[in-house]
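Participant: Below is the structure I would like to discuss, written out as structure tokens.
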There are 2 protein chains.
Amino acid sequence: MNIGDVSQRTGLPAKTIRYYEEIGLVRPLRGENGYRQFRERDVHKLGFLGRARSLGFSIDDCRGLLALYEDEGRASADVRHIAKAHLEKIDGKLAELGAMRATLAHLVEACAGDHRPDCPILADLALEDDKAET
Amino acid sequence: MNIGDVSQRTGLPAKTIRYYEEIGLVRPLRGENGYRQFRERDVHKLGFLGRARSLGFSIDDCRGLLALYEDEGRASADVRHIAKAHLEKIDGKLAELGAMRATLAHLVEACAGDHRPDCPILADLALEDDKAET
DNA sequence: CATAGAGATTCCCGCTACTGGAAGGTCAAG
DNA sequence: CTTGACCTTCCAGTAGCGGGAATCTCTATG
């Protein structure tokens with residue numbers, strides 16, 4: 001199967017698939033003409049990668065997950081460990097974004113948003129921080 | 001004032017300050033010795049940038065906010081527009097992360113996490129989602 | 001005066017995970 | 001034979017810096 005078909009089937013851009021080969025996540029065969037020849041396993045692996053990436057796993061996480069996936073003797077604890085670590089990262093990100101959102105929403109609400117120059121958003125950003133005011 | 005002092009006062013790494021100069025966000029003077037000489041306005045501007053960045057505004061957003069900040073005749077609506085657009089981006093990310101978190105938390109919970117190889121996390125990632133059964 | 005060490009400078013590479021584009025080879029159809 | 005869709009490689013760029021080398025400059029001390 002050529003890269004175009006694989007792209008269609010996995011939903012991954014061809015560029016991305018080539019990149020995954022470059023960094024050793026997948027190793028398709030090569031035809032006489034130099035074209036990449038993907039086997040079912042390759043396609044399957046790429047699907048796996050696509051789903052893992054869409055859950056926010058890093059490429060490095062994916063590498064680990066893929067290795068475990070192909071290791072019949074794995075311990076599910078190892079997989080769970082990667083997933084839990086990622087979950088914690090997500091939670092951290094959520095907390096950070098939540099805090100940003102709260103501050104920003106507050107400021108946006110306080111801003112008249114008209115033709116006048118007075119703006120609480122700018123005022124807040126301009127704060128001299130030697131007097132931290134909340 | 002030298003870059004080290006500015007770094008202390010703003011909390012921004014010296015590297016970051018040099019980078020901000022490079023991309024034209026701030027323009028300190030230069031002394032005879034080639035050292036950057038920061039005026040109060042520069043320091044103030046960098047503090048502004050630091051706070052805006054910590055709220056997640058992109059460098060490009062910051063450029064716009066800074067221009068408005070320095071424009072005495074600005075309309076607060078323009079500032080509010082940038083902030084609102086950013087707020088929406090944050091909401092988008094929050095939704096996305098929230099969905100990831102839900103899926104992942106569910107999988108982590110379903111995984112025994114012991115020595116056995118059976119793992120719902122891998123099973124989910126490995127799902128064949130082709131309509132045609134293979 | 002010499003020297004040490006702190007702080008400054010520029011320069012270039014590296015990171016994440018791709019994306020875009022140029023220059024060119026290959027293949028099937030008309 | 002030509003067209004156009006595919007495929008190939010390679011180069012460059014993205015955001016927002018961080019690391020580290022090689023090289024000044026300043027200040028303090030013996």
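Naming scheme: A, B, ... for chains in displayed order of the structure tokens; residues 1 onward per chain; ligands 1 onward as shown.
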Least-squares fit on all C-alpha atoms, paired in order: put chain B onto chain A and return it as a CSV table (one decimal) with N, CA and C atoms, in the first residue's frame.
Facilitator:
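Done, and the output landed in selection_27.csv:
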```csv
chain,number,residue,atom,x,y,z
B,1,MET,N,1.4,-1.3,-0.2
B,1,MET,CA,0.6,-0.1,-0.2
B,1,MET,C,1.4,1.2,-0.1
B,2,ASN,N,1.0,2.2,-0.9
B,2,ASN,CA,1.8,3.4,-1.0
B,2,ASN,C,1.3,4.4,0.1
B,3,ILE,N,2.1,5.4,0.3
B,3,ILE,CA,1.9,6.3,1.4
B,3,ILE,C,0.5,7.0,1.3
B,4,GLY,N,0.1,7.3,0.1
B,4,GLY,CA,-1.2,8.0,-0.1
B,4,GLY,C,-2.4,7.2,0.4
B,5,ASP,N,-2.3,5.9,0.2
B,5,ASP,CA,-3.4,5.0,0.6
B,5,ASP,C,-3.4,4.9,2.2
B,6,VAL,N,-2.2,4.8,2.7
B,6,VAL,CA,-2.0,4.7,4.1
B,6,VAL,C,-2.5,6.0,4.8
B,7,SER,N,-2.2,7.1,4.1
B,7,SER,CA,-2.7,8.4,4.6
B,7,SER,C,-4.2,8.4,4.7
B,8,GLN,N,-4.9,8.0,3.6
B,8,GLN,CA,-6.3,7.9,3.6
B,8,GLN,C,-6.9,7.0,4.7
B,9,ARG,N,-6.3,5.8,4.8
B,9,ARG,CA,-6.8,4.8,5.8
B,9,ARG,C,-6.6,5.2,7.2
B,10,THR,N,-5.5,5.9,7.5
B,10,THR,CA,-5.2,6.3,8.9
B,10,THR,C,-5.7,7.7,9.2
B,11,GLY,N,-5.9,8.5,8.2
B,11,GLY,CA,-6.2,9.9,8.5
B,11,GLY,C,-5.0,10.7,8.8
B,12,LEU,N,-3.8,10.1,8.8
B,12,LEU,CA,-2.6,10.9,9.0
B,12,LEU,C,-2.1,11.5,7.7
B,13,PRO,N,-1.6,12.8,7.8
B,13,PRO,CA,-1.0,13.4,6.6
B,13,PRO,C,0.2,12.6,6.2
B,14,ALA,N,0.5,12.5,4.9
B,14,ALA,CA,1.7,11.8,4.4
B,14,ALA,C,3.0,12.4,5.1
B,15,LYS,N,3.0,13.7,5.3
B,15,LYS,CA,4.1,14.3,5.9
B,15,LYS,C,4.4,13.7,7.3
B,16,THR,N,3.3,13.5,8.0
B,16,THR,CA,3.4,13.0,9.3
B,16,THR,C,3.9,11.6,9.3
B,17,ILE,N,3.4,10.8,8.4
B,17,ILE,CA,3.9,9.4,8.3
B,17,ILE,C,5.4,9.4,8.0
B,18,ARG,N,5.8,10.2,7.1
B,18,ARG,CA,7.3,10.3,6.8
B,18,ARG,C,8.1,10.6,8.0
B,19,TYR,N,7.5,11.6,8.7
B,19,TYR,CA,8.2,12.0,10.0
B,19,TYR,C,8.3,10.9,11.0
B,20,TYR,N,7.2,10.1,11.1
B,20,TYR,CA,7.2,9.0,12.0
B,20,TYR,C,8.2,7.9,11.6
B,21,GLU,N,8.4,7.8,10.3
B,21,GLU,CA,9.5,6.9,9.9
B,21,GLU,C,10.8,7.5,10.3
B,22,GLU,N,11.0,8.7,10.0
B,22,GLU,CA,12.3,9.4,10.3
B,22,GLU,C,12.7,9.2,11.7
B,23,ILE,N,11.7,9.3,12.7
B,23,ILE,CA,12.1,9.2,14.1
B,23,ILE,C,11.9,7.8,14.5
B,24,GLY,N,11.8,6.9,13.6
B,24,GLY,CA,11.9,5.4,14.0
B,24,GLY,C,10.6,4.8,14.6
B,25,LEU,N,9.5,5.4,14.4
B,25,LEU,CA,8.2,4.9,15.0
B,25,LEU,C,7.7,3.7,14.1
B,26,VAL,N,8.0,3.8,12.8
B,26,VAL,CA,7.5,2.8,11.9
B,26,VAL,C,8.6,2.6,10.8
B,27,ARG,N,8.7,1.4,10.3
B,27,ARG,CA,9.7,1.1,9.3
B,27,ARG,C,9.2,0.3,8.1
B,28,PRO,N,8.6,1.1,7.2
B,28,PRO,CA,8.0,0.5,6.0
B,28,PRO,C,9.2,-0.1,5.1
B,29,LEU,N,8.8,-1.0,4.3
B,29,LEU,CA,9.8,-1.5,3.3
B,29,LEU,C,9.9,-0.5,2.2
B,30,ARG,N,10.9,-0.7,1.3
B,30,ARG,CA,11.0,0.1,0.1
B,30,ARG,C,10.9,-0.7,-1.2
B,31,GLY,N,10.2,-0.2,-2.1
B,31,GLY,CA,10.1,-0.8,-3.4
B,31,GLY,C,11.3,-0.5,-4.3
B,32,GLU,N,11.4,-1.1,-5.5
B,32,GLU,CA,12.5,-0.9,-6.4
B,32,GLU,C,12.5,0.6,-6.8
B,33,ASN,N,11.4,1.2,-6.9
B,33,ASN,CA,11.3,2.6,-7.3
B,33,ASN,C,11.6,3.6,-6.2
B,34,GLY,N,11.9,3.1,-5.0
B,34,GLY,CA,12.2,3.9,-3.9
B,34,GLY,C,11.0,4.3,-3.0
B,35,TYR,N,9.8,3.9,-3.5
B,35,TYR,CA,8.6,4.2,-2.8
B,35,TYR,C,8.5,3.4,-1.5
B,36,ARG,N,7.9,4.0,-0.5
B,36,ARG,CA,7.7,3.2,0.8
B,36,ARG,C,6.6,2.2,0.5
B,37,GLN,N,6.8,1.0,1.0
B,37,GLN,CA,5.8,-0.1,0.9
B,37,GLN,C,5.3,-0.4,2.3
B,38,PHE,N,4.1,-0.1,2.6
B,38,PHE,CA,3.5,-0.3,3.9
B,38,PHE,C,2.8,-1.7,4.0
B,39,ARG,N,3.1,-2.5,5.0
B,39,ARG,CA,2.3,-3.7,5.2
B,39,ARG,C,1.2,-3.4,6.1
B,40,GLU,N,0.3,-4.4,6.3
B,40,GLU,CA,-0.8,-4.2,7.2
B,40,GLU,C,-0.4,-3.8,8.6
B,41,ARG,N,0.6,-4.4,9.1
B,41,ARG,CA,1.1,-4.1,10.4
B,41,ARG,C,1.5,-2.6,10.6
B,42,ASP,N,2.1,-2.1,9.5
B,42,ASP,CA,2.5,-0.7,9.5
B,42,ASP,C,1.3,0.2,9.6
B,43,VAL,N,0.3,-0.1,8.8
B,43,VAL,CA,-0.9,0.7,8.8
B,43,VAL,C,-1.5,0.6,10.2
B,44,HIS,N,-1.6,-0.6,10.7
B,44,HIS,CA,-2.2,-0.8,12.0
B,44,HIS,C,-1.5,0.1,13.1
B,45,LYS,N,-0.1,0.0,13.0
B,45,LYS,CA,0.7,0.7,13.9
B,45,LYS,C,0.5,2.2,13.8
B,46,LEU,N,0.3,2.7,12.6
B,46,LEU,CA,0.1,4.1,12.4
B,46,LEU,C,-1.3,4.5,12.9
B,47,GLY,N,-2.3,3.7,12.8
B,47,GLY,CA,-3.6,3.9,13.3
B,47,GLY,C,-3.5,4.0,14.9
B,48,PHE,N,-2.7,3.1,15.4
B,48,PHE,CA,-2.5,3.1,16.9
B,48,PHE,C,-1.9,4.5,17.3
B,49,LEU,N,-0.9,4.9,16.5
B,49,LEU,CA,-0.2,6.2,16.8
B,49,LEU,C,-1.2,7.3,16.7
B,50,GLY,N,-2.0,7.3,15.7
B,50,GLY,CA,-2.9,8.4,15.5
B,50,GLY,C,-3.9,8.5,16.7
B,51,ARG,N,-4.4,7.4,17.1
B,51,ARG,CA,-5.3,7.4,18.3
B,51,ARG,C,-4.6,7.9,19.5
B,52,ALA,N,-3.4,7.4,19.7
B,52,ALA,CA,-2.7,7.8,21.0
B,52,ALA,C,-2.4,9.3,20.9
B,53,ARG,N,-1.9,9.8,19.8
B,53,ARG,CA,-1.7,11.2,19.7
B,53,ARG,C,-2.9,12.0,19.9
B,54,SER,N,-4.0,11.5,19.4
B,54,SER,CA,-5.3,12.3,19.6
B,54,SER,C,-5.7,12.3,21.0
B,55,LEU,N,-5.2,11.4,21.8
B,55,LEU,CA,-5.5,11.4,23.2
B,55,LEU,C,-4.4,12.3,24.0
B,56,GLY,N,-3.6,12.9,23.2
B,56,GLY,CA,-2.6,13.8,23.7
B,56,GLY,C,-1.3,13.2,24.2
B,57,PHE,N,-1.1,11.9,24.0
B,57,PHE,CA,0.2,11.3,24.4
B,57,PHE,C,1.3,11.9,23.6
B,58,SER,N,2.4,12.2,24.2
B,58,SER,CA,3.6,12.7,23.5
B,58,SER,C,4.1,11.6,22.6
B,59,ILE,N,5.0,12.0,21.6
B,59,ILE,CA,5.7,11.1,20.8
B,59,ILE,C,6.4,10.1,21.6
B,60,ASP,N,7.1,10.6,22.7
B,60,ASP,CA,7.8,9.7,23.5
B,60,ASP,C,6.9,8.7,24.2
B,61,ASP,N,5.8,9.1,24.7
B,61,ASP,CA,4.8,8.2,25.3
B,61,ASP,C,4.4,7.2,24.3
B,62,CYS,N,4.2,7.6,23.1
B,62,CYS,CA,3.8,6.7,22.0
B,62,CYS,C,4.8,5.6,21.8
B,63,ARG,N,6.1,6.0,21.8
B,63,ARG,CA,7.1,5.1,21.7
B,63,ARG,C,7.0,4.0,22.7
B,64,GLY,N,6.8,4.4,23.9
B,64,GLY,CA,6.7,3.5,25.0
B,64,GLY,C,5.5,2.6,24.9
B,65,LEU,N,4.3,3.2,24.5
B,65,LEU,CA,3.1,2.4,24.4
B,65,LEU,C,3.2,1.4,23.3
B,66,LEU,N,3.8,1.8,22.2
B,66,LEU,CA,4.0,0.9,21.1
B,66,LEU,C,4.9,-0.3,21.4
B,67,ALA,N,5.9,0.0,22.2
B,67,ALA,CA,6.8,-1.1,22.6
B,67,ALA,C,6.0,-2.1,23.5
B,68,LEU,N,5.2,-1.5,24.4
B,68,LEU,CA,4.4,-2.4,25.2
B,68,LEU,C,3.4,-3.2,24.4
B,69,TYR,N,2.8,-2.4,23.5
B,69,TYR,CA,1.8,-3.1,22.6
B,69,TYR,C,2.4,-4.3,21.9
B,70,GLU,N,3.6,-4.2,21.5
B,70,GLU,CA,4.2,-5.3,20.7
B,70,GLU,C,4.9,-6.3,21.6
B,71,ASP,N,4.9,-6.0,22.9
B,71,ASP,CA,5.5,-7.0,23.9
B,71,ASP,C,4.4,-7.8,24.5
B,72,GLU,N,4.3,-9.1,24.0
B,72,GLU,CA,3.2,-9.9,24.4
B,72,GLU,C,3.3,-10.2,25.9
B,73,GLY,N,4.5,-10.1,26.5
B,73,GLY,CA,4.6,-10.4,27.9
B,73,GLY,C,4.6,-9.2,28.8
B,74,ARG,N,4.1,-8.1,28.3
B,74,ARG,CA,4.0,-6.9,29.1
B,74,ARG,C,3.2,-7.1,30.3
B,75,ALA,N,3.3,-6.1,31.3
B,75,ALA,CA,2.5,-6.1,32.4
B,75,ALA,C,1.5,-4.9,32.2
B,76,SER,N,0.3,-5.0,32.4
B,76,SER,CA,-0.7,-3.9,32.1
B,76,SER,C,-0.3,-2.7,33.0
B,77,ALA,N,0.3,-3.0,34.1
B,77,ALA,CA,0.7,-1.9,35.1
B,77,ALA,C,1.6,-0.9,34.4
B,78,ASP,N,2.4,-1.4,33.5
B,78,ASP,CA,3.3,-0.5,32.8
B,78,ASP,C,2.6,0.5,31.9
B,79,VAL,N,1.6,0.0,31.2
B,79,VAL,CA,0.8,0.8,30.4
B,79,VAL,C,0.0,1.8,31.2
B,80,ARG,N,-0.6,1.3,32.2
B,80,ARG,CA,-1.4,2.1,33.1
B,80,ARG,C,-0.6,3.2,33.7
B,81,HIS,N,0.7,3.0,34.0
B,81,HIS,CA,1.6,4.0,34.6
B,81,HIS,C,1.7,5.2,33.6
B,82,ILE,N,2.0,4.8,32.3
B,82,ILE,CA,2.2,5.9,31.3
B,82,ILE,C,0.9,6.7,31.2
B,83,ALA,N,-0.2,6.0,31.1
B,83,ALA,CA,-1.5,6.6,31.0
B,83,ALA,C,-1.9,7.5,32.2
B,84,LYS,N,-1.6,7.0,33.4
B,84,LYS,CA,-1.9,7.8,34.6
B,84,LYS,C,-1.0,9.1,34.6
B,85,ALA,N,0.3,8.9,34.3
B,85,ALA,CA,1.1,10.1,34.3
B,85,ALA,C,0.6,11.1,33.3
B,86,HIS,N,0.1,10.7,32.2
B,86,HIS,CA,-0.4,11.6,31.2
B,86,HIS,C,-1.7,12.2,31.7
B,87,LEU,N,-2.5,11.4,32.3
B,87,LEU,CA,-3.7,12.0,32.9
B,87,LEU,C,-3.4,13.1,33.9
B,88,GLU,N,-2.4,12.9,34.7
B,88,GLU,CA,-2.0,13.9,35.6
B,88,GLU,C,-1.6,15.2,35.0
B,89,LYS,N,-0.8,15.0,33.9
B,89,LYS,CA,-0.4,16.2,33.1
B,89,LYS,C,-1.6,16.9,32.6
B,90,ILE,N,-2.6,16.2,32.1
B,90,ILE,CA,-3.8,16.8,31.6
B,90,ILE,C,-4.5,17.6,32.7
B,91,ASP,N,-4.6,17.0,33.9
B,91,ASP,CA,-5.2,17.6,35.0
B,91,ASP,C,-4.5,18.9,35.3
B,92,GLY,N,-3.2,18.9,35.3
B,92,GLY,CA,-2.4,20.1,35.6
B,92,GLY,C,-2.8,21.2,34.6
B,93,LYS,N,-2.8,20.8,33.3
B,93,LYS,CA,-3.1,21.8,32.3
B,93,LYS,C,-4.5,22.3,32.4
B,94,LEU,N,-5.5,21.4,32.8
B,94,LEU,CA,-6.8,21.9,33.0
B,94,LEU,C,-6.9,22.9,34.1
B,95,ALA,N,-6.2,22.6,35.2
B,95,ALA,CA,-6.2,23.5,36.3
B,95,ALA,C,-5.7,24.9,35.9
B,96,GLU,N,-4.6,24.8,35.2
B,96,GLU,CA,-3.9,26.1,34.8
B,96,GLU,C,-4.8,26.9,33.8
B,97,LEU,N,-5.4,26.2,32.8
B,97,LEU,CA,-6.3,26.9,31.9
B,97,LEU,C,-7.5,27.4,32.6
B,98,GLY,N,-8.0,26.6,33.5
B,98,GLY,CA,-9.2,27.0,34.3
B,98,GLY,C,-8.9,28.3,35.0
B,99,ALA,N,-7.7,28.4,35.6
B,99,ALA,CA,-7.4,29.6,36.4
B,99,ALA,C,-7.3,30.8,35.5
B,100,MET,N,-6.6,30.6,34.3
B,100,MET,CA,-6.5,31.7,33.3
B,100,MET,C,-7.9,32.1,32.9
B,101,ARG,N,-8.7,31.2,32.6
B,101,ARG,CA,-10.0,31.5,32.1
B,101,ARG,C,-10.8,32.3,33.1
B,102,ALA,N,-10.7,31.9,34.4
B,102,ALA,CA,-11.4,32.7,35.4
B,102,ALA,C,-11.0,34.1,35.5
B,103,THR,N,-9.7,34.3,35.5
B,103,THR,CA,-9.1,35.7,35.6
B,103,THR,C,-9.6,36.5,34.4
B,104,LEU,N,-9.4,35.9,33.2
B,104,LEU,CA,-9.6,36.6,32.0
B,104,LEU,C,-11.1,36.9,31.8
B,105,ALA,N,-11.9,35.9,32.2
B,105,ALA,CA,-13.4,36.1,32.0
B,105,ALA,C,-13.8,37.3,32.9
B,106,HIS,N,-13.3,37.3,34.1
B,106,HIS,CA,-13.6,38.4,35.0
B,106,HIS,C,-13.2,39.8,34.4
B,107,LEU,N,-12.0,39.8,33.8
B,107,LEU,CA,-11.6,41.1,33.3
B,107,LEU,C,-12.4,41.5,32.1
B,108,VAL,N,-12.7,40.5,31.2
B,108,VAL,CA,-13.5,40.8,30.0
B,108,VAL,C,-14.9,41.3,30.4
B,109,GLU,N,-15.4,40.7,31.5
B,109,GLU,CA,-16.7,41.2,31.9
B,109,GLU,C,-16.7,42.6,32.5
B,110,ALA,N,-15.5,42.9,33.1
B,110,ALA,CA,-15.4,44.2,33.7
B,110,ALA,C,-15.1,45.3,32.7
B,111,CYS,N,-14.8,44.9,31.5
B,111,CYS,CA,-14.4,45.9,30.5
B,111,CYS,C,-15.6,46.4,29.7
B,112,ALA,N,-15.8,47.7,29.6
B,112,ALA,CA,-17.0,48.2,28.9
B,112,ALA,C,-17.0,47.8,27.4
B,113,GLY,N,-15.8,47.8,26.8
B,113,GLY,CA,-15.7,47.5,25.4
B,113,GLY,C,-16.3,48.5,24.5
B,114,ASP,N,-16.1,49.8,24.8
B,114,ASP,CA,-16.7,50.8,23.9
B,114,ASP,C,-15.6,51.6,23.3
B,115,HIS,N,-15.9,52.9,23.0
B,115,HIS,CA,-14.9,53.7,22.3
B,115,HIS,C,-14.0,54.4,23.3
B,116,ARG,N,-14.3,54.3,24.6
B,116,ARG,CA,-13.5,55.0,25.6
B,116,ARG,C,-12.2,54.2,25.9
B,117,PRO,N,-11.2,54.9,26.3
B,117,PRO,CA,-9.9,54.3,26.5
B,117,PRO,C,-9.8,53.5,27.8
B,118,ASP,N,-10.6,53.8,28.8
B,118,ASP,CA,-10.5,53.1,30.1
B,118,ASP,C,-10.7,51.6,30.0
B,119,CYS,N,-9.8,50.8,30.5
B,119,CYS,CA,-9.9,49.4,30.3
B,119,CYS,C,-9.3,48.6,31.5
B,120,PRO,N,-10.2,47.9,32.2
B,120,PRO,CA,-9.7,47.2,33.4
B,120,PRO,C,-8.7,46.1,33.0
B,121,ILE,N,-8.8,45.6,31.7
B,121,ILE,CA,-7.9,44.6,31.3
B,121,ILE,C,-6.5,45.1,31.3
B,122,LEU,N,-6.3,46.2,30.6
B,122,LEU,CA,-5.0,46.9,30.5
B,122,LEU,C,-4.5,47.3,31.9
B,123,ALA,N,-5.5,47.8,32.7
B,123,ALA,CA,-5.1,48.3,34.1
B,123,ALA,C,-4.5,47.1,34.9
B,124,ASP,N,-5.1,46.0,34.7
B,124,ASP,CA,-4.6,44.8,35.5
B,124,ASP,C,-3.2,44.4,35.0
B,125,LEU,N,-3.1,44.4,33.7
B,125,LEU,CA,-1.8,43.9,33.1
B,125,LEU,C,-0.7,45.0,33.5
B,126,ALA,N,-1.1,46.2,33.7
B,126,ALA,CA,-0.1,47.2,33.9
B,126,ALA,C,0.3,47.4,35.4
B,127,LEU,N,-0.4,46.7,36.3
B,127,LEU,CA,-0.2,46.7,37.7
B,127,LEU,C,1.3,46.7,38.1
B,128,GLU,N,1.7,47.7,38.9
B,128,GLU,CA,3.0,47.7,39.4
B,128,GLU,C,3.0,46.7,40.6
B,129,ASP,N,3.7,45.6,40.5
B,129,ASP,CA,3.6,44.7,41.7
B,129,ASP,C,4.8,44.8,42.6
B,130,ASP,N,5.6,45.9,42.4
B,130,ASP,CA,6.7,46.1,43.3
B,130,ASP,C,6.2,46.4,44.7
B,131,LYS,N,6.9,45.9,45.7
B,131,LYS,CA,6.5,46.3,47.0
B,131,LYS,C,6.7,47.8,47.2
B,132,ALA,N,7.8,48.3,46.7
B,132,ALA,CA,8.2,49.7,46.8
B,132,ALA,C,7.3,50.4,45.8
B,133,GLU,N,6.7,51.5,46.3
B,133,GLU,CA,5.8,52.2,45.4
B,133,GLU,C,6.6,53.1,44.4
B,134,THR,N,6.2,53.1,43.2
B,134,THR,CA,7.0,53.9,42.2
B,134,THR,C,6.0,54.8,41.4
```
Participant: Using only C-alpha atoms (C1' of nucleotides), which chain D residues lie at most 9 Å away from chain A, written as an NGL selection string?
Facilitator: :D and (6-8)
Participant: DSSP on the backbone, then: every residue of chain A marked alpha helix (DSSP H), written as a PyMOL selection string.
Facilitator: chain A and resi 3-10+14-22+40-54+59-70+76-110+120-126
Participant: Please return as an MDAnalysis selection string: the residues of chain B that backbone DSSP assigns to strand (DSSP E).
Facilitator: chainID B and resid 29:30 36:37
